[in-house]
file work.tsv (TSV, C-alpha atoms and all ligand atoms)
chain	number	residue	atom	x	y	z
A	1	MET	CA	-8.31	23.75	14.40
A	2	LYS	CA	-9.66	21.16	12.00
A	3	LYS	CA	-13.38	20.56	12.19
A	4	MET	CA	-14.75	17.05	12.64
A	5	LEU	CA	-18.35	15.87	12.49
A	6	PHE	CA	-18.68	12.68	14.52
A	7	ILE	CA	-21.87	10.71	13.79
A	8	TYR	CA	-22.51	7.59	15.85
A	9	ASN	CA	-25.30	5.03	16.19
A	10	PRO	CA	-25.59	4.44	19.96
A	11	GLN	CA	-27.48	1.15	19.42
A	12	ALA	CA	-25.10	-0.51	16.98
A	13	GLY	CA	-23.47	-3.75	18.12
A	14	LYS	CA	-24.96	-4.03	21.65
A	15	GLY	CA	-24.38	-0.33	22.25
A	16	LYS	CA	-20.67	-1.09	22.01
A	17	ILE	CA	-19.57	2.53	21.81
A	18	LYS	CA	-20.86	3.52	25.24
A	19	SER	CA	-17.90	2.28	27.27
A	20	SER	CA	-15.31	3.88	25.01
A	21	LEU	CA	-17.01	7.12	23.97
A	22	SER	CA	-14.97	9.43	26.23
A	23	ASP	CA	-11.65	7.80	25.16
A	24	ILE	CA	-12.65	8.23	21.52
A	25	ILE	CA	-13.52	11.91	21.93
A	26	GLU	CA	-10.30	12.50	23.87
A	27	THR	CA	-8.31	10.89	21.03
A	28	PHE	CA	-9.86	13.31	18.55
A	29	VAL	CA	-9.46	16.37	20.79
A	30	GLN	CA	-5.80	15.51	21.53
A	31	ALA	CA	-5.23	15.45	17.77
A	32	ASP	CA	-6.52	19.05	17.62
A	33	TYR	CA	-9.94	18.43	16.17
A	34	GLU	CA	-12.90	20.57	17.09
A	35	VAL	CA	-15.52	17.85	17.34
A	36	THR	CA	-19.25	18.17	16.72
A	37	ILE	CA	-21.07	15.08	17.94
A	38	TYR	CA	-24.31	13.71	16.53
A	39	SER	CA	-25.94	10.63	18.07
A	40	THR	CA	-28.44	9.04	15.65
A	41	LYS	CA	-31.99	8.60	16.88
A	42	GLU	CA	-33.46	6.50	14.09
A	43	ARG	CA	-32.98	5.04	10.62
A	44	ASP	CA	-31.83	7.52	7.95
A	45	ASP	CA	-30.58	10.08	10.50
A	46	ALA	CA	-26.94	9.43	9.63
A	47	ARG	CA	-27.55	9.82	5.88
A	48	ARG	CA	-29.47	13.06	6.36
A	49	ILE	CA	-26.96	14.70	8.69
A	50	ALA	CA	-23.99	13.63	6.49
A	51	PHE	CA	-25.73	15.08	3.42
A	52	GLU	CA	-26.87	18.32	5.10
A	53	LYS	CA	-23.81	19.10	7.22
A	54	GLY	CA	-20.92	16.98	5.88
A	55	GLN	CA	-19.45	19.62	3.59
A	56	GLU	CA	-19.00	22.08	6.46
A	57	TYR	CA	-16.34	19.82	8.01
A	58	ASP	CA	-12.79	18.74	7.20
A	59	LEU	CA	-13.58	15.22	8.29
A	60	VAL	CA	-16.71	13.15	8.93
A	61	VAL	CA	-16.20	10.21	11.28
A	62	CYS	CA	-18.98	7.69	11.71
A	63	SER	CA	-19.42	4.87	14.14
A	64	GLY	CA	-21.90	2.04	13.87
A	65	GLY	CA	-22.41	-1.11	11.89
A	66	ASP	CA	-22.50	-1.49	8.14
A	67	GLY	CA	-25.96	0.13	8.05
A	68	THR	CA	-24.72	3.39	9.58
A	69	LEU	CA	-21.64	3.38	7.37
A	70	ASN	CA	-23.91	2.92	4.34
A	71	GLU	CA	-26.05	5.87	5.39
A	72	VAL	CA	-23.06	8.20	5.82
A	73	THR	CA	-21.60	7.01	2.52
A	74	SER	CA	-24.94	7.56	0.76
A	75	GLY	CA	-25.32	11.05	2.22
A	76	LEU	CA	-21.80	12.09	1.24
A	77	MET	CA	-22.13	10.66	-2.29
A	78	LYS	CA	-24.75	13.37	-2.87
A	79	CYS	CA	-22.35	16.15	-1.76
A	80	PRO	CA	-20.40	17.84	-4.57
A	81	HIS	CA	-17.33	18.23	-2.32
A	82	ALA	CA	-17.41	15.36	0.14
A	83	PRO	CA	-14.92	15.47	3.03
A	84	VAL	CA	-12.68	12.55	3.99
A	85	ILE	CA	-14.38	9.84	6.07
A	86	GLY	CA	-13.24	8.02	9.18
A	87	TYR	CA	-14.93	4.87	10.43
A	88	LEU	CA	-15.10	3.26	13.87
A	89	PRO	CA	-16.72	-0.17	13.48
A	90	ALA	CA	-19.35	-1.07	16.09
A	91	GLY	CA	-21.53	-3.60	14.28
A	92	THR	CA	-21.76	-7.36	14.22
A	93	THR	CA	-19.59	-8.42	11.29
A	94	ASN	CA	-17.87	-5.18	10.20
A	95	ASP	CA	-16.92	-6.44	6.75
A	96	PHE	CA	-15.86	-3.02	5.51
A	97	ALA	CA	-13.44	-2.61	8.44
A	98	SER	CA	-11.97	-6.05	7.70
A	99	SER	CA	-11.42	-5.15	4.04
A	100	MET	CA	-9.86	-1.81	4.88
A	101	GLY	CA	-7.71	-3.05	7.75
A	102	ILE	CA	-9.49	-0.78	10.24
A	103	PRO	CA	-9.05	-2.00	13.85
A	104	LYS	CA	-12.13	-3.56	15.46
A	105	ASN	CA	-11.25	-2.01	18.80
A	106	MET	CA	-13.01	1.36	18.72
A	107	VAL	CA	-10.36	3.41	20.52
A	108	LYS	CA	-7.65	1.92	18.26
A	109	ALA	CA	-9.87	2.73	15.28
A	110	ALA	CA	-10.09	6.35	16.54
A	111	GLU	CA	-6.28	6.43	16.76
A	112	ALA	CA	-6.12	5.05	13.21
A	113	VAL	CA	-8.44	7.87	12.08
A	114	VAL	CA	-6.18	10.61	13.46
A	115	LYS	CA	-3.01	8.93	12.16
A	116	GLY	CA	-4.53	7.58	8.94
A	117	GLU	CA	-4.10	8.53	5.31
A	118	PRO	CA	-7.04	8.88	2.91
A	119	PHE	CA	-7.61	5.90	0.67
A	120	ALA	CA	-9.77	6.65	-2.38
A	121	TYR	CA	-12.25	3.81	-2.45
A	122	ASP	CA	-14.76	2.66	-5.07
A	123	ILE	CA	-18.44	3.14	-4.22
A	124	GLY	CA	-21.17	1.08	-5.86
A	125	SER	CA	-24.68	1.95	-6.86
A	126	LEU	CA	-27.70	-0.24	-7.55
A	127	ASN	CA	-30.26	1.88	-9.37
A	128	GLU	CA	-30.69	4.91	-7.06
A	129	ARG	CA	-29.08	3.33	-3.98
A	130	TYR	CA	-25.41	3.47	-3.02
A	131	PHE	CA	-23.48	0.66	-1.38
A	132	THR	CA	-20.13	0.66	0.33
A	133	TYR	CA	-19.08	-2.93	-0.21
A	134	VAL	CA	-21.86	-5.37	-1.12
A	135	ALA	CA	-25.13	-5.65	-2.99
A	136	GLY	CA	-26.59	-9.12	-3.16
A	137	PHE	CA	-29.74	-11.10	-3.81
A	138	GLY	CA	-31.03	-14.60	-3.16
A	139	VAL	CA	-30.24	-17.16	-0.52
A	140	PHE	CA	-27.98	-15.93	2.35
A	141	THR	CA	-28.80	-12.28	1.68
A	142	ASN	CA	-31.87	-12.06	3.92
A	143	VAL	CA	-29.70	-13.26	6.76
A	144	SER	CA	-28.61	-9.87	7.92
A	145	TYR	CA	-31.60	-7.59	7.58
A	146	GLU	CA	-34.20	-10.18	8.51
A	147	THR	CA	-32.33	-10.84	11.72
A	148	PRO	CA	-33.82	-8.34	14.18
A	149	GLN	CA	-31.40	-5.92	15.80
A	150	THR	CA	-32.08	-7.47	19.22
A	151	THR	CA	-31.30	-10.99	17.96
A	152	LYS	CA	-28.19	-9.73	16.22
A	153	ASN	CA	-27.12	-8.15	19.47
A	154	LEU	CA	-27.80	-11.30	21.49
A	155	PHE	CA	-26.22	-13.85	19.20
A	156	GLY	CA	-23.96	-11.63	17.20
A	157	ARG	CA	-22.26	-13.29	14.33
A	158	ALA	CA	-23.78	-16.70	15.03
A	159	ALA	CA	-27.19	-15.28	14.12
A	160	TYR	CA	-25.97	-14.44	10.66
A	161	ILE	CA	-24.71	-17.94	10.09
A	162	LEU	CA	-27.75	-19.64	11.59
A	163	GLY	CA	-30.05	-17.47	9.45
A	164	GLY	CA	-28.11	-18.59	6.40
A	165	ILE	CA	-28.59	-22.24	7.17
A	166	MET	CA	-32.30	-21.80	7.86
A	167	SER	CA	-32.89	-20.09	4.55
A	168	LEU	CA	-31.27	-22.97	2.62
A	169	ALA	CA	-34.38	-25.04	3.36
A	170	THR	CA	-36.49	-22.93	0.99
A	171	VAL	CA	-34.11	-22.09	-1.81
A	172	LYS	CA	-35.65	-19.58	-4.19
A	173	SER	CA	-34.24	-19.09	-7.67
A	174	TYR	CA	-34.43	-16.29	-10.24
A	175	ARG	CA	-34.27	-16.59	-14.03
A	176	VAL	CA	-32.12	-13.60	-14.94
A	177	ARG	CA	-30.30	-11.99	-17.82
A	178	VAL	CA	-26.98	-10.46	-16.80
A	179	GLU	CA	-25.09	-8.19	-19.19
A	180	TYR	CA	-21.60	-6.76	-18.74
A	181	ASP	CA	-18.96	-5.70	-21.26
A	182	ASP	CA	-19.71	-7.92	-24.29
A	183	THR	CA	-20.99	-10.83	-22.24
A	184	VAL	CA	-24.56	-12.00	-21.66
A	185	ILE	CA	-25.47	-14.66	-19.12
A	186	GLU	CA	-28.96	-16.13	-19.07
A	187	ASP	CA	-29.45	-18.60	-16.27
A	188	GLU	CA	-31.39	-19.57	-13.19
A	189	LEU	CA	-29.60	-18.31	-10.10
A	190	ILE	CA	-30.05	-18.80	-6.38
A	191	TYR	CA	-27.59	-16.11	-5.41
A	192	GLY	CA	-25.81	-13.07	-6.73
A	193	MET	CA	-23.26	-10.84	-5.04
A	194	VAL	CA	-21.64	-7.68	-6.37
A	195	THR	CA	-18.82	-6.61	-4.08
A	196	ASN	CA	-15.94	-4.29	-3.47
A	197	ALA	CA	-14.55	-6.10	-0.44
A	198	ASN	CA	-12.32	-8.87	0.82
A	199	SER	CA	-14.80	-9.98	3.45
A	200	VAL	CA	-18.55	-10.57	3.25
A	201	GLY	CA	-20.69	-11.87	6.11
A	202	GLY	CA	-17.52	-12.17	8.17
A	203	PHE	CA	-15.97	-14.57	5.64
A	204	LYS	CA	-12.66	-13.48	4.26
A	205	GLY	CA	-11.61	-14.48	0.76
A	206	ILE	CA	-15.16	-15.24	-0.36
A	207	THR	CA	-15.11	-12.55	-3.06
A	208	GLY	CA	-12.21	-14.05	-4.98
A	209	LYS	CA	-8.61	-13.16	-5.60
A	210	ASP	CA	-7.17	-9.93	-7.08
A	211	VAL	CA	-9.62	-7.70	-5.23
A	212	GLY	CA	-8.74	-4.05	-5.80
A	213	LEU	CA	-10.72	-1.66	-3.62
A	214	ASP	CA	-9.88	1.29	-5.88
A	215	ASP	CA	-9.65	-0.30	-9.34
A	216	GLY	CA	-13.09	0.71	-10.61
A	217	GLU	CA	-14.22	-2.90	-10.82
A	218	PHE	CA	-16.62	-4.99	-8.82
A	219	GLU	CA	-16.10	-8.64	-8.12
A	220	VAL	CA	-19.27	-10.45	-9.18
A	221	THR	CA	-20.24	-13.91	-7.89
A	222	LEU	CA	-23.35	-15.66	-9.23
A	223	ILE	CA	-24.48	-19.11	-8.13
A	224	LYS	CA	-26.55	-21.35	-10.38
A	225	ARG	CA	-29.57	-23.22	-9.11
A	226	PRO	CA	-28.68	-26.75	-7.92
A	227	LYS	CA	-31.02	-29.49	-9.16
A	228	ASN	CA	-30.79	-31.66	-6.07
A	229	ILE	CA	-29.39	-31.82	-2.59
A	230	VAL	CA	-26.13	-33.38	-3.81
A	231	GLU	CA	-25.51	-30.41	-6.08
A	232	LEU	CA	-26.46	-28.05	-3.26
A	233	GLN	CA	-23.92	-29.72	-0.98
A	234	HIS	CA	-21.36	-29.46	-3.79
A	235	ILE	CA	-21.94	-25.68	-3.97
A	236	VAL	CA	-21.70	-25.25	-0.18
A	237	ASN	CA	-18.40	-27.17	-0.21
A	238	ALA	CA	-17.07	-25.04	-3.09
A	239	LEU	CA	-17.92	-21.88	-1.13
A	240	LEU	CA	-16.31	-23.20	2.04
A	241	VAL	CA	-13.03	-23.77	0.21
A	242	ARG	CA	-13.52	-20.51	-1.78
A	243	ASP	CA	-13.51	-22.40	-5.09
A	244	LEU	CA	-15.05	-19.69	-7.26
A	245	GLY	CA	-13.99	-21.58	-10.39
A	246	ASP	CA	-16.61	-24.23	-9.64
A	247	LYS	CA	-18.99	-25.20	-12.47
A	248	PHE	CA	-21.99	-23.87	-10.51
A	249	ILE	CA	-20.42	-20.46	-9.95
A	250	TYR	CA	-19.87	-17.51	-12.28
A	251	SER	CA	-17.08	-15.29	-10.98
A	252	PHE	CA	-15.89	-12.22	-12.88
A	253	HIS	CA	-14.90	-8.54	-12.64
A	254	ALA	CA	-17.07	-5.75	-14.09
A	255	SER	CA	-17.42	-1.98	-13.80
A	256	ASN	CA	-21.06	-1.89	-14.85
A	257	LEU	CA	-23.67	-4.54	-15.15
A	258	ASP	CA	-27.34	-4.77	-16.00
A	259	ILE	CA	-29.56	-7.48	-14.60
A	260	THR	CA	-33.13	-8.10	-15.65
A	261	CYS	CA	-35.66	-10.55	-14.27
A	262	GLU	CA	-39.39	-10.97	-14.94
A	263	GLU	CA	-40.14	-11.09	-11.24
A	264	GLU	CA	-38.92	-8.59	-8.66
A	265	VAL	CA	-35.59	-9.41	-7.09
A	266	SER	CA	-35.08	-8.29	-3.48
A	267	TRP	CA	-31.62	-7.00	-2.72
A	268	THR	CA	-29.59	-6.46	0.38
A	269	ILE	CA	-27.20	-3.54	0.40
A	270	ASP	CA	-24.45	-3.47	3.02
A	271	GLY	CA	-26.52	-5.80	5.19
A	272	GLU	CA	-29.80	-3.88	5.05
A	273	PHE	CA	-32.81	-4.22	2.73
A	274	GLY	CA	-31.95	-2.48	-0.54
A	275	GLY	CA	-35.23	-2.56	-2.50
A	276	ALA	CA	-36.84	-4.94	-5.02
A	277	TYR	CA	-36.48	-4.46	-8.78
A	278	THR	CA	-37.01	-6.12	-12.16
A	279	HIS	CA	-34.35	-3.96	-13.90
A	280	MET	CA	-31.11	-3.45	-12.08
A	281	HIS	CA	-28.20	-1.28	-13.12
A	282	LEU	CA	-25.06	-1.61	-11.03
A	283	GLN	CA	-22.31	0.91	-11.44
A	284	ASN	CA	-18.86	1.26	-9.92
A	285	HIS	CA	-18.00	4.88	-9.01
A	286	GLN	CA	-14.24	4.60	-9.00
A	287	GLN	CA	-12.47	6.19	-6.03
A	288	ALA	CA	-15.56	8.28	-5.30
A	289	LEU	CA	-14.94	8.71	-1.56
A	290	SER	CA	-11.83	8.64	0.62
A	291	TYR	CA	-11.66	6.76	3.91
A	292	LEU	CA	-8.88	7.08	6.45
A	293	THR	CA	-6.81	4.00	7.11
A	294	THR	CA	-3.34	3.27	8.38
A	295	THR	CA	-2.94	-0.11	6.71
A	296	ILE	CA	-3.60	0.52	3.04
A	297	THR	CA	-0.99	2.64	1.35
A	298	ASP	CA	0.05	3.26	-2.21
A	299	LYS	CA	-2.88	1.27	-3.57
A	300	GLN	CA	-1.67	-1.94	-1.97
A	301	VAL	CA	-4.26	-3.84	-0.03
A	302	ILE	CA	-3.00	-5.48	3.10
A	303	ILE	CA	-5.45	-7.74	4.89
A	304	GLU	CA	-4.80	-7.80	8.61
A	305	GLU	CA	-6.22	-10.34	11.02
A	306	GLN	CA	-7.32	-8.49	14.17
A	401	LIG	N1	-30.80	5.24	17.79
A	401	LIG	C1	-31.13	4.25	16.94
A	401	LIG	N2	-32.00	3.27	17.34
A	401	LIG	C2	-32.31	2.26	16.50
A	401	LIG	N3	-31.86	2.13	15.24
A	401	LIG	C3	-31.00	3.07	14.79
A	401	LIG	C4	-30.60	4.16	15.62
A	401	LIG	N4	-29.73	4.91	14.92
A	401	LIG	C5	-29.61	4.33	13.70
A	401	LIG	N5	-30.39	3.23	13.61
A	401	LIG	C6	-30.51	2.30	12.47
A	401	LIG	O1	-30.09	0.99	12.81
A	401	LIG	C7	-29.72	0.29	11.63
A	401	LIG	C8	-28.62	-0.73	11.91
A	401	LIG	O2	-27.53	-0.07	12.41
A	401	LIG	P1	-26.04	-0.55	12.16
A	401	LIG	O3	-25.91	-1.34	10.92
A	401	LIG	O4	-25.20	0.65	12.31
A	401	LIG	O5	-25.76	-1.46	13.44
A	401	LIG	P2	-25.82	-3.02	13.62
A	401	LIG	O6	-27.08	-3.52	13.03
A	401	LIG	O7	-25.60	-3.31	15.07
A	401	LIG	O8	-24.57	-3.48	12.81
A	401	LIG	P3	-24.44	-4.59	11.68
A	401	LIG	O9	-25.46	-4.22	10.65
A	401	LIG	O10	-23.04	-4.47	11.17
A	401	LIG	O11	-24.71	-5.84	12.39
A	401	LIG	C9	-29.28	1.34	10.64
A	401	LIG	O12	-30.00	1.23	9.45
A	401	LIG	C10	-29.59	2.67	11.33
A	401	LIG	O13	-30.25	3.57	10.49
call {"tool": "encode", "arguments": {"input": "work.tsv", "output": "structure tokens"}}
result
Amino acid sequence: MKKMLFIYNPQAGKGKIKSSLSDIIETFVQADYEVTIYSTKERDDARRIAFEKGQEYDLVVCSGGDGTLNEVTSGLMKCPHAPVIGYLPAGTTNDFASSMGIPKNMVKAAEAVVKGEPFAYDIGSLNERYFTYVAGFGVFTNVSYETPQTTKNLFGRAAYILGGIMSLATVKSYRVRVEYDDTVIEDELIYGMVTNANSVGGFKGITGKDVGLDDGEFEVTLIKRPKNIVELQHIVNALLVRDLGDKFIYSFHASNLDITCEEEVSWTIDGEFGGAYTHMHLQNHQQALSYLTTTITDKQVIIEEQ
């Protein structure tokens, strides 16, 4: 029998897993897995258990929101021989699941795990921290982690959007130097996003075209500081129509980038607080971990509406 470690966050997404837990376990058992179950009790539990125990299993499946997925990813990135990963999304926005075509229904996601093929996916790092699909700073980025879990659970996705609008009232900017390949950008920015995803904050297509989840490159989106409300409105409109070629937006691909700023820049990583730094090195670890999916094959990315 193949051995599976199943790590789940019972609190994620209004405790969504509770009603389907027995169907999920049955799906795994019917597929001949010997399942060890770990229910997380607090922050960092999922990272620790994935790091300490992950290598003893053929497969690690995790269930939770982006925070739990980030913890399992971070734990397994420290393992010399990481097993394949399965993911059952239970959070609020589930951007990673959208990008990977993983069903939002948890039992269907469990079926996709047992039927799925491994897809070798790029993992990012920001200094010492790993991220699965997004590292960002500036306006919009506090939306997720400054929204308390209870509020997220009550209002779900609307809380993310509302938080974004509220934070526009006090737009903070950062004078930064960004270096990648042979290019240097020095500018005042209100927002920066380094992604390996098709969907961020529940918005599909916001990271640009030609997104390869296994190509060793991030998509980078930087937004310049608007001088007045008209320019701000112009930027919001450009984002709504996904016009990343706008004059206020830098949009490019890079494998590595260095960002420096005289003041500390607070980051969000996969929707949780990711630390504050003056020197930031972002690196793409190409195809570092494999995730099971039924919808991405032969390096072709198919985006499915669910
Ligand atoms: N039993 C628990 N009680 C409270 N918090 C937990 C528990 N287990 C894990 N956590 C922490 O809760 C945080 C948020 O969890 P997660 O992201 O999985 O769910 P979510 O917030 O509902 O989803 P999303 O972030 O996609 O909205 C994680 O950082 C995780 O470490």
call {"tool": "residues_around", "arguments": {"input": "work.tsv", "residues": "Ala109 in chain A", "least_positions_apart": "4", "cutoff": "8 Å", "atoms": "only C-alpha atoms", "output": "list in words"}}
result
Tyr87, Leu88, Pro89, Ile102, Pro103, Lys104, Asn105 and Val113 of chain A
call {"tool": "atom_distance", "arguments": {"input": "work.tsv", "atom1": "CA of Val211 in chain A", "atom2": "CA of Phe51 in chain A"}}
result
29.2 Å
call {"tool": "residues_near_ligand", "arguments": {"input": "work.tsv", "ligand": "ligand LIG 401 (chain A)", "cutoff": "6 Å", "atoms": "only C-alpha atoms and all ligand atoms", "output": "list in words"}}
result
Asn9, Pro10, Gln11, Ala12, Gly13, Thr40, Lys41, Glu42, Arg43, Asp44, Gly64, Gly65, Asp66, Gly67, Thr68, Gly91, Thr92, Thr93, Asn94, Gln149 and Gly271 of chain A
call {"tool": "residues_near_point", "arguments": {"input": "work.tsv", "point": "(-13.4, -5.6, -15.5)", "cutoff": "12 Å", "atoms": "all atoms listed in the file", "output": "ChimeraX atom specification"}}
result
/A:180-183,210-212,215-220,251-257,283-284
call {"tool": "closest_residue", "arguments": {"input": "work.tsv", "among": "A:Ile259, A:Ser20, A:Ile235, A:Ala288", "to": "Glu179 in chain A", "atoms": "all atoms listed in the file"}}
result
A:Ile259
call {"tool": "atom_distance", "arguments": {"input": "work.tsv", "atom1": "CA of Gly192 in chain A", "atom2": "CA of Ala135 in chain A"}}
result
8.3 Å
call {"tool": "residues_around", "arguments": {"input": "work.tsv", "residues": "range 223-225 of chain A", "least_positions_apart": "5", "cutoff": "7 Å", "atoms": "all atoms listed in the file", "output": "VMD selection string"}}
result
chain A and resid 173 188 to 192 248 to 250
call {"tool": "closest_residue", "arguments": {"input": "work.tsv", "among": "A:Val134, A:Val72, A:Val61, A:Val184", "to": "Val114 in chain A", "atoms": "all atoms listed in the file"}}
result
A:Val61
call {"tool": "closest_residue", "arguments": {"input": "work.tsv", "among": "A:Arg177, A:Lys172, A:Arg129, A:Lys227", "to": "Ile269 in chain A", "atoms": "all atoms listed in the file"}}
result
A:Arg129
